[in-house]
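This is my_file.txt (compact mmCIF, C-alpha atoms and all ligand atoms).
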# COMPACT_ATOMS: atom_id res chain seq x y z
CA MET A 1 22.14 -0.10 -14.71
CA THR A 2 19.27 0.66 -12.39
CA ASP A 3 17.65 4.03 -11.94
CA PRO A 4 15.95 4.96 -8.67
CA LEU A 5 12.17 5.19 -8.64
CA GLY A 6 10.87 8.47 -9.99
CA TRP A 7 8.39 8.69 -7.08
CA GLY A 8 8.28 8.04 -3.35
CA ARG A 9 9.57 11.27 -1.84
CA ARG A 10 6.27 12.78 -0.75
CA TYR A 11 3.64 10.97 1.30
CA LEU A 12 0.24 11.44 2.85
CA MET A 13 -0.24 9.92 6.30
CA CYS A 14 -2.99 10.10 8.90
CA PRO A 15 -2.27 9.81 12.65
CA PRO A 16 -3.83 6.88 14.54
CA SER A 17 -5.83 9.00 17.00
CA TYR A 18 -8.94 6.87 16.43
CA PHE A 19 -7.24 3.71 15.17
CA ARG A 20 -8.49 0.41 16.61
CA VAL A 21 -9.46 -3.06 15.46
CA ALA A 22 -13.17 -2.33 15.34
CA TYR A 23 -14.33 -4.99 12.87
CA GLN A 24 -12.98 -7.88 10.86
CA ILE A 25 -12.61 -7.38 7.10
CA ASN A 26 -9.38 -9.27 6.47
CA PRO A 27 -7.90 -12.48 7.94
CA TRP A 28 -5.40 -10.56 10.12
CA MET A 29 -8.10 -8.67 12.02
CA VAL A 30 -9.47 -10.34 15.14
CA GLU A 31 -12.08 -8.24 16.87
CA GLU A 32 -11.10 -9.36 20.36
CA VAL A 33 -7.56 -8.09 19.81
CA VAL A 34 -6.92 -4.66 21.28
CA ALA A 35 -4.45 -2.32 19.64
CA ASP A 36 -2.54 -0.27 22.19
CA ALA A 37 -3.27 3.36 21.35
CA GLY A 38 -0.09 4.73 22.93
CA ARG A 39 2.14 2.25 21.18
CA ALA A 40 0.34 2.80 17.89
CA ARG A 41 1.05 6.52 18.15
CA GLU A 42 4.71 5.91 19.00
CA GLN A 43 5.11 3.52 16.07
CA TRP A 44 3.40 5.94 13.70
CA ASP A 45 5.56 8.86 14.90
CA ASN A 46 8.64 6.72 14.42
CA LEU A 47 7.56 5.80 10.88
CA VAL A 48 7.08 9.49 10.05
CA ALA A 49 10.50 10.34 11.52
CA THR A 50 12.16 7.48 9.61
CA LEU A 51 10.63 8.54 6.29
CA ARG A 52 11.68 12.13 6.89
CA ALA A 53 15.21 11.08 7.84
CA ALA A 54 15.37 9.15 4.55
CA GLY A 55 14.58 12.39 2.71
CA ALA A 56 10.81 12.16 2.27
CA THR A 57 8.22 14.84 2.91
CA VAL A 58 5.19 13.73 4.94
CA GLU A 59 1.87 15.55 4.77
CA VAL A 60 -0.65 14.87 7.48
CA GLN A 61 -4.36 14.23 6.95
CA PRO A 62 -6.61 14.97 9.95
CA PRO A 63 -7.91 11.80 11.67
CA GLU A 64 -11.68 11.22 11.89
CA GLU A 65 -13.34 9.62 14.88
CA ASP A 66 -15.67 7.22 13.05
CA TRP A 67 -13.09 5.80 10.64
CA PRO A 68 -10.44 3.73 12.46
CA ASP A 69 -8.80 2.47 9.23
CA LEU A 70 -8.31 5.98 7.83
CA VAL A 71 -4.70 5.61 9.03
CA PHE A 72 -4.16 3.31 6.04
CA THR A 73 -3.87 6.17 3.56
CA ALA A 74 -2.58 3.82 0.83
CA ASN A 75 -6.20 2.94 0.25
CA ALA A 76 -7.46 6.51 -0.16
CA GLY A 77 -7.10 6.43 -3.93
CA ILE A 78 -4.71 6.69 -6.84
CA VAL A 79 -2.55 9.74 -7.48
CA ASN A 80 -1.51 10.69 -11.00
CA GLY A 81 0.18 14.07 -11.19
CA ASN A 82 -2.41 16.47 -9.84
CA GLN A 83 -5.23 14.03 -10.49
CA PHE A 84 -6.76 11.96 -7.66
CA VAL A 85 -8.97 8.94 -8.29
CA PRO A 86 -10.69 8.19 -4.96
CA ALA A 87 -11.15 4.60 -3.84
CA ARG A 88 -14.47 2.82 -3.85
CA PHE A 89 -14.21 0.58 -0.83
CA ARG A 90 -15.57 -2.97 -0.88
CA HIS A 91 -16.67 -2.93 2.76
CA PRO A 92 -19.18 -0.49 4.28
CA GLU A 93 -16.84 -0.31 7.29
CA ARG A 94 -14.47 1.84 5.21
CA GLN A 95 -16.76 3.54 2.70
CA GLY A 96 -17.19 6.65 4.83
CA GLU A 97 -13.48 7.42 4.57
CA THR A 98 -13.81 8.54 0.98
CA ALA A 99 -15.58 11.83 1.68
CA HIS A 100 -12.66 12.82 3.95
CA ASP A 101 -10.08 11.74 1.38
CA VAL A 102 -11.79 13.65 -1.41
CA ALA A 103 -11.99 16.75 0.79
CA TRP A 104 -8.27 16.58 1.58
CA PHE A 105 -7.22 16.16 -2.04
CA ALA A 106 -9.57 18.81 -3.39
CA ASP A 107 -8.27 21.20 -0.75
CA ALA A 108 -4.69 20.34 -1.71
CA GLY A 109 -5.42 21.35 -5.31
CA PHE A 110 -5.91 17.95 -6.92
CA GLY A 111 -8.54 17.37 -9.59
CA VAL A 112 -10.84 14.53 -8.57
CA SER A 113 -11.84 11.88 -11.14
CA GLU A 114 -14.32 9.31 -9.87
CA LEU A 115 -14.77 5.66 -10.76
CA PRO A 116 -18.35 4.67 -11.52
CA ILE A 117 -20.56 3.79 -8.55
CA GLY A 118 -20.57 0.06 -7.83
CA VAL A 119 -17.04 -0.60 -9.12
CA CYS A 120 -14.71 -1.34 -6.21
CA GLN A 121 -11.07 -0.22 -6.22
CA GLU A 122 -8.97 0.33 -3.08
CA GLY A 123 -6.46 2.90 -4.27
CA ALA A 124 -2.70 2.42 -4.20
CA GLY A 125 -3.21 -0.58 -1.92
CA ASP A 126 -4.25 -2.39 -5.09
CA ALA A 127 -2.39 -0.42 -7.78
CA LEU A 128 1.32 0.38 -7.95
CA PRO A 129 3.44 1.83 -10.74
CA VAL A 130 6.07 -0.52 -12.16
CA GLY A 131 8.10 1.20 -14.83
CA ASN A 132 5.67 2.86 -17.21
CA ALA A 133 2.82 0.54 -16.29
CA LEU A 134 0.30 0.62 -13.48
CA VAL A 135 0.07 -2.87 -11.99
CA ALA A 136 -3.44 -3.26 -10.62
CA ALA A 137 -4.85 -6.18 -8.68
CA TYR A 138 -8.36 -7.48 -8.30
CA ARG A 139 -10.53 -9.96 -6.45
CA PHE A 140 -10.70 -9.43 -2.68
CA ARG A 141 -11.04 -5.64 -2.53
CA SER A 142 -10.95 -4.32 -6.07
CA ASP A 143 -13.01 -5.43 -9.06
CA ALA A 144 -11.37 -6.42 -12.32
CA ALA A 145 -13.84 -4.05 -13.98
CA SER A 146 -12.14 -1.08 -12.28
CA HIS A 147 -9.01 -1.51 -14.38
CA ALA A 148 -10.42 -0.36 -17.70
CA TYR A 149 -11.87 2.69 -15.93
CA LEU A 150 -8.51 3.40 -14.27
CA SER A 151 -6.81 3.26 -17.63
CA HIS A 152 -9.46 5.50 -19.17
CA LEU A 153 -9.32 8.07 -16.35
CA THR A 154 -5.53 8.24 -15.97
CA GLY A 155 -4.25 7.23 -19.40
CA ALA A 156 -2.03 4.64 -17.72
CA ALA A 157 -1.22 1.27 -19.27
CA VAL A 158 -2.83 -0.98 -16.66
CA ARG A 159 -1.59 -4.54 -16.19
CA SER A 160 -4.17 -6.61 -14.29
CA ILE A 161 -3.27 -9.35 -11.93
CA GLU A 162 -5.48 -11.56 -9.83
CA LEU A 163 -4.81 -12.04 -6.11
CA VAL A 164 -5.41 -15.61 -5.01
CA ASP A 165 -4.50 -15.78 -1.31
CA GLU A 166 -6.80 -13.99 1.11
CA ARG A 167 -3.96 -13.33 3.57
CA PHE A 168 -2.53 -11.06 0.87
CA TYR A 169 -5.78 -9.30 0.15
CA HIS A 170 -4.15 -6.14 -1.25
CA LEU A 171 -1.46 -5.89 -3.94
CA ASP A 172 0.88 -3.95 -1.64
CA LEU A 173 1.29 -7.03 0.55
CA THR A 174 2.88 -8.80 -2.44
CA LEU A 175 4.72 -6.10 -4.39
CA CYS A 176 7.18 -3.35 -3.53
CA PRO A 177 8.90 -1.66 -6.50
CA LEU A 178 12.52 -0.83 -5.56
CA ASP A 179 13.98 0.81 -8.65
CA SER A 180 13.72 0.62 -12.43
CA ARG A 181 14.57 -3.11 -12.57
CA ARG A 182 13.91 -4.49 -9.11
CA ALA A 183 11.06 -5.17 -6.74
CA ILE A 184 10.31 -7.21 -3.65
CA ILE A 185 7.63 -9.70 -4.66
CA ALA A 186 5.52 -12.41 -3.05
CA PRO A 187 4.27 -14.40 -6.05
CA LEU A 188 2.42 -16.83 -3.78
CA GLY A 189 -0.29 -14.17 -3.75
CA TRP A 190 -0.76 -14.15 -7.53
CA ASP A 191 -2.33 -16.46 -10.07
CA ARG A 192 -0.19 -18.05 -12.75
CA TYR A 193 -0.94 -15.40 -15.35
CA GLY A 194 -0.15 -12.65 -12.83
CA CYS A 195 3.20 -14.28 -12.11
CA ALA A 196 4.01 -14.28 -15.82
CA VAL A 197 3.02 -10.60 -16.17
CA MET A 198 5.24 -9.63 -13.25
CA LYS A 199 8.14 -11.71 -14.50
CA ALA A 200 8.08 -9.74 -17.72
CA LEU A 201 7.88 -6.39 -15.89
CA ILE A 202 10.54 -7.02 -13.21
CA PRO A 203 13.90 -8.28 -14.49
CA GLU A 204 15.46 -8.63 -11.03
CA PRO A 205 12.92 -9.62 -8.37
CA LEU A 206 13.63 -10.31 -4.72
CA VAL A 207 11.26 -13.25 -4.28
CA LEU A 208 9.98 -13.63 -0.73
CA GLU A 209 9.64 -17.01 0.95
CA PRO A 210 6.16 -17.58 2.40
CA ASP A 211 7.29 -16.82 5.98
CA GLU A 212 8.92 -13.57 4.81
CA ALA A 213 5.76 -12.57 2.96
CA MET A 214 3.74 -13.31 6.09
CA ARG A 215 5.88 -10.80 7.97
CA PHE A 216 4.74 -8.15 5.44
CA CYS A 217 8.24 -7.66 4.00
CA ALA A 218 6.65 -6.52 0.73
CA ASN A 219 4.68 -3.83 2.57
CA SER A 220 7.66 -1.52 2.58
CA VAL A 221 8.21 2.10 1.59
CA VAL A 222 11.07 3.04 -0.70
CA VAL A 223 12.60 6.52 -0.42
CA GLY A 224 15.46 6.71 -2.90
CA SER A 225 17.92 4.09 -1.72
CA THR A 226 16.28 3.54 1.69
CA VAL A 227 13.78 0.72 2.19
CA VAL A 228 11.57 1.22 5.25
CA MET A 229 10.25 -2.19 6.27
CA PRO A 230 7.96 -3.67 8.94
CA ALA A 231 10.45 -6.54 9.30
CA CYS A 232 13.65 -7.58 7.56
CA PRO A 233 14.76 -11.20 7.82
CA PRO A 234 18.55 -11.59 7.30
CA ARG A 235 18.28 -13.14 3.84
CA VAL A 236 16.16 -10.23 2.59
CA GLY A 237 18.45 -7.67 4.21
CA ARG A 238 21.54 -9.20 2.61
CA GLN A 239 20.04 -9.02 -0.87
CA LEU A 240 18.85 -5.43 -0.42
CA GLU A 241 22.27 -4.40 0.87
CA ALA A 242 24.02 -6.18 -1.99
CA TRP A 243 21.90 -4.07 -4.32
CA GLY A 244 22.98 -0.89 -2.52
CA PHE A 245 19.89 -0.20 -0.42
CA ASP A 246 19.87 0.83 3.23
CA VAL A 247 17.23 -0.89 5.31
CA ALA A 248 15.33 0.81 8.13
CA VAL A 249 13.01 -1.45 10.12
CA CYS A 250 10.02 0.26 11.71
CA ASP A 251 8.03 -1.74 14.24
CA VAL A 252 4.37 -1.39 13.25
CA SER A 253 3.06 -4.30 15.34
CA GLU A 254 -0.09 -2.43 16.45
CA PHE A 255 -1.09 -1.85 12.82
CA LEU A 256 -0.37 -5.45 11.83
CA LYS A 257 -3.30 -6.30 14.11
CA ALA A 258 -5.49 -4.59 11.51
CA GLY A 259 -3.66 -6.21 8.59
CA GLY A 260 -1.54 -3.21 7.61
CA GLY A 261 2.20 -2.44 7.58
CA CYS A 262 4.48 0.45 6.63
CA ARG A 263 3.30 0.90 3.06
CA CYS A 264 -0.38 0.74 4.01
CA LEU A 265 0.18 3.71 6.33
CA THR A 266 1.43 5.89 3.47
CA LEU A 267 0.20 7.16 0.13
CA ALA A 268 2.77 8.49 -2.33
CA LEU A 269 1.71 11.93 -3.55
CA ASP A 270 4.40 12.35 -6.20
CA VAL A 271 3.32 9.68 -8.67
CA THR A 272 2.83 10.53 -12.32
CA LEU A 273 1.71 7.45 -14.20
CA GLY A 274 3.39 6.56 -17.44
CA SER A 275 6.47 8.69 -16.73
N1 LIG B 1 -7.81 -2.90 8.10
C1 LIG B 1 -7.53 -2.39 6.80
C2 LIG B 1 -8.41 -3.08 5.78
O1 LIG B 1 -8.68 -4.25 5.94
C3 LIG B 1 -6.08 -2.55 6.46
C4 LIG B 1 -5.71 -1.93 5.17
C5 LIG B 1 -4.30 -2.22 4.75
N2 LIG B 1 -3.96 -1.44 3.62
C6 LIG B 1 -3.21 -1.86 2.60
N3 LIG B 1 -2.88 -0.99 1.70
N4 LIG B 1 -2.85 -3.11 2.45
O2 LIG B 1 -8.84 -2.50 4.82
Taking this structure as input, can you express it in the form of structure tokens?
Amino acid sequence: MTDPLGWGRRYLMCPPSYFRVAYQINPWMVEEVVADAGRAREQWDNLVATLRAAGATVEVQPPEEDWPDLVFTANAGIVNGNQFVPARFRHPERQGETAHDVAWFADAGFGVSELPIGVCQEGAGDALPVGNALVAAYRFRSDAASHAYLSHLTGAAVRSIELVDERFYHLDLTLCPLDSRRAIIAPLGWDRYGCAVMKALIPEPLVLEPDEAMRFCANSVVVGSTVVMPACPPRVGRQLEAWGFDVAVCDVSEFLKAGGGCRCLTLALDVTLGS
């Protein structure tokens, strides 16, 4: 028996009005590469429409001219009921986003709990609920030290895993919870201990091949029984369909130029940790 996820029906997204590849803070970003603004907007609109058609609600955060990566709302912070723990970004290029994120959440009625200064943590990009636990990753963007604070602030049982492959610099490039027993995983991004932790937490994983992981298959958004994916190779699609999921592929090629896919463009607002 598998129960659907208890979250994933309400999202925060930010339109790509000022999105561009303005700097290089992950291996996918190449400064000379130009993202097409019109196509980015079309792809973002299509992602919003696809999530809504799957039954999700999408709330929109206003874009800000100086912060091109603000579109990747997954990194804004961690939501726990009506509590919001804002990110502390590793790179100065993104640090200015936080004031806008905090303003949005405070305005929306969330209580804001801050991590200590100097401890990096990049929000849901590096922390996803799996069952009753919060799986949190560290190394490239988030510090291992953030995990004890996250646990203290939210009360969640945090399971730490180390990311080992810079191409998968955020947890959400390697993990997509599907339901109470299943998840799409890319263990090539995790150290051996992390693999063991995840094996214990996920009885039925869909393990991505390296080429599938490189297409950001794990960077998908799950709305009930619909999986919204940046790409879906046939093998992956067959397994998801055999499990009873519908797959919707959304082309997010302009955002891949900045190292982000479907999940990175969304932040679930209906997460209550430990439930
Ligand atoms: N350019 C952004 C960065 O490097 C992409 C963020 C992708 N977000 C994610 N949740 N994986 O920070």
* Around ligand LIG 1 (chain B), at most 10 Å away and counting only C-alpha atoms and all ligand atoms, which residues are there? Put them as a ChimeraX atom specification, please. => /A:19-29,68-76,89-91,93-94,122-127,141,168-174,216,219,255-267
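Around the coordinate (12.3, 1.4, -4.5), residues that reach within 10 Å when counting all atoms listed in the file are Asp3, Pro4, Leu5, Gly6, Trp7, Gly8, Cys176, Pro177, Leu178, Asp179, Ser180, Arg181, Arg182, Ala183, Ile184, Ser220, Val221, Val222, Val223, Gly224, Ser225, Thr226, Val227, Val228 and Phe245 of chain A.
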* To do: Rank nothing, just name the residue among A:Arg167, A:Glu209, A:Ala49, A:Arg41 nearest to A:Ser253, using all atoms listed in the file.
  => A:Arg41
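The residue that comes closest to A:Arg139, out of A:Val34, A:Val164, A:Ala218, A:Val247 and on the basis of only C-alpha atoms, is A:Val164.
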* Fewer than 5 positions away in the same chain doesn't count, so skip those; otherwise give me all residues within 8 Å of A:Trp44, counting only C-alpha atoms, as an NGL selection string. => :A and (15-16 or 252)
* From the set A:Asn80, A:Ser160, A:Asn46, A:Asn132, which residue has the shortest atom-to-atom contact distance to A:Thr272, counting all atoms listed in the file? -> A:Asn80
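Between atom CA of A:Pro234 and atom CA of A:Glu212 the separation is 10.1 Å.
Atom pair atom CA of A:Val112 / atom CA of A:Glu59 has a distance of 18.5 Å (rounded to one decimal).
The interatomic distance for the pair atom CA of A:Trp243 and atom CA of A:Pro203 works out to 13.6 Å.
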* Residues within 9 Å of (7.7, -9.9, 10.4), counting all atoms listed in the file, listed as an NGL selection string -> :A and (211-217 or 230-233 or 253)
* To do: Skip A:Ala106 itself and residues of its chain fewer than 6 positions away, then list as a PyMOL selection string all residues within 10 Å of it, counting all atoms listed in the file.
  => chain A and resi 82-84+100+112
Name the residues in contact with A:Ala156 at a cut-off of 7 Å, using all atoms listed in the file, excluding same-chain residues fewer than 6 positions from it; report them as a PDB file with C-alpha atoms, in the coordinates of the input.
ATOM      1  CA  ALA A 133       2.820   0.540 -16.290  1.00  0.00           C
ATOM      2  CA  LEU A 134       0.300   0.620 -13.480  1.00  0.00           C
ATOM      3  CA  LEU A 273       1.710   7.450 -14.200  1.00  0.00           C
ATOM      4  CA  GLY A 274       3.390   6.560 -17.440  1.00  0.00           C
TER       5      GLY A 274
END
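Distance annotation: of A:Pro63, A:Gly38, A:Gly194, A:Gly81, the residue with the minimal separation from A:Tyr138 is A:Gly194; atom set is all atoms listed in the file.
Every protein, DNA or RNA residue with an atom at most 9 Å from A:Tyr149, where only C-alpha atoms count and chain neighbours fewer than 4 positions away do not, is listed here: Leu115, Pro116, Ala145, Leu153 and Thr154 of chain A.
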* Structure fact -> Of A:Glu31, A:Met229, A:Leu206, A:Ser146, the one nearest to A:Ala242 when counting all atoms listed in the file is A:Leu206
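When all atoms listed in the file are used to compute distances to A:Leu240, the closest of the residues A:Gln43, A:Glu254, A:Val130, A:Val207 turns out to be A:Val207.
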Regenerate stretch 55-69 of chain A at the level of N, CA, C and O atoms and dump it as a short mmCIF file (atom, residue, chain, number, x, y, z; two decimals), keeping the file's coordinate frame.
data_model
loop_
_atom_site.label_atom_id
_atom_site.label_comp_id
_atom_site.auth_asym_id
_atom_site.auth_seq_id
_atom_site.Cartn_x
_atom_site.Cartn_y
_atom_site.Cartn_z
N GLY A 55 14.66 11.33 3.72
CA GLY A 55 14.58 12.39 2.71
C GLY A 55 13.19 12.63 2.17
O GLY A 55 13.01 13.40 1.22
N ALA A 56 12.18 11.97 2.76
CA ALA A 56 10.81 12.16 2.27
C ALA A 56 10.11 13.32 2.98
O ALA A 56 10.46 13.68 4.09
N THR A 57 9.11 13.87 2.31
CA THR A 57 8.22 14.84 2.91
C THR A 57 6.95 14.10 3.32
O THR A 57 6.47 13.26 2.56
N VAL A 58 6.43 14.39 4.51
CA VAL A 58 5.19 13.73 4.94
C VAL A 58 4.13 14.79 5.20
O VAL A 58 4.36 15.72 5.97
N GLU A 59 3.00 14.67 4.51
CA GLU A 59 1.87 15.55 4.77
C GLU A 59 0.87 14.81 5.63
O GLU A 59 0.74 13.58 5.50
N VAL A 60 0.20 15.53 6.50
CA VAL A 60 -0.65 14.87 7.48
C VAL A 60 -2.12 15.19 7.24
O VAL A 60 -2.52 16.35 7.13
N GLN A 61 -2.91 14.11 7.13
CA GLN A 61 -4.36 14.23 6.95
C GLN A 61 -5.01 14.18 8.34
O GLN A 61 -4.64 13.32 9.15
N PRO A 62 -5.98 15.03 8.62
CA PRO A 62 -6.61 14.97 9.95
C PRO A 62 -7.34 13.65 10.17
O PRO A 62 -8.02 13.17 9.27
N PRO A 63 -7.20 13.05 11.37
CA PRO A 63 -7.91 11.80 11.67
C PRO A 63 -9.40 12.09 11.88
O PRO A 63 -9.79 13.22 12.15
N GLU A 64 -10.23 11.06 11.72
CA GLU A 64 -11.68 11.22 11.89
C GLU A 64 -12.18 10.12 12.81
O GLU A 64 -11.91 8.94 12.59
N GLU A 65 -12.97 10.53 13.80
CA GLU A 65 -13.34 9.62 14.88
C GLU A 65 -14.02 8.33 14.41
O GLU A 65 -13.77 7.26 14.93
N ASP A 66 -14.89 8.40 13.41
CA ASP A 66 -15.67 7.22 13.05
C ASP A 66 -14.97 6.26 12.09
O ASP A 66 -15.55 5.24 11.72
N TRP A 67 -13.74 6.57 11.71
CA TRP A 67 -13.09 5.80 10.64
C TRP A 67 -11.71 5.33 11.10
O TRP A 67 -10.70 5.91 10.75
N PRO A 68 -11.70 4.20 11.86
CA PRO A 68 -10.44 3.73 12.46
C PRO A 68 -9.38 3.31 11.45
O PRO A 68 -8.18 3.38 11.75
N ASP A 69 -9.78 2.90 10.24
CA ASP A 69 -8.80 2.47 9.23
C ASP A 69 -8.33 3.61 8.33
O ASP A 69 -7.57 3.38 7.39
#
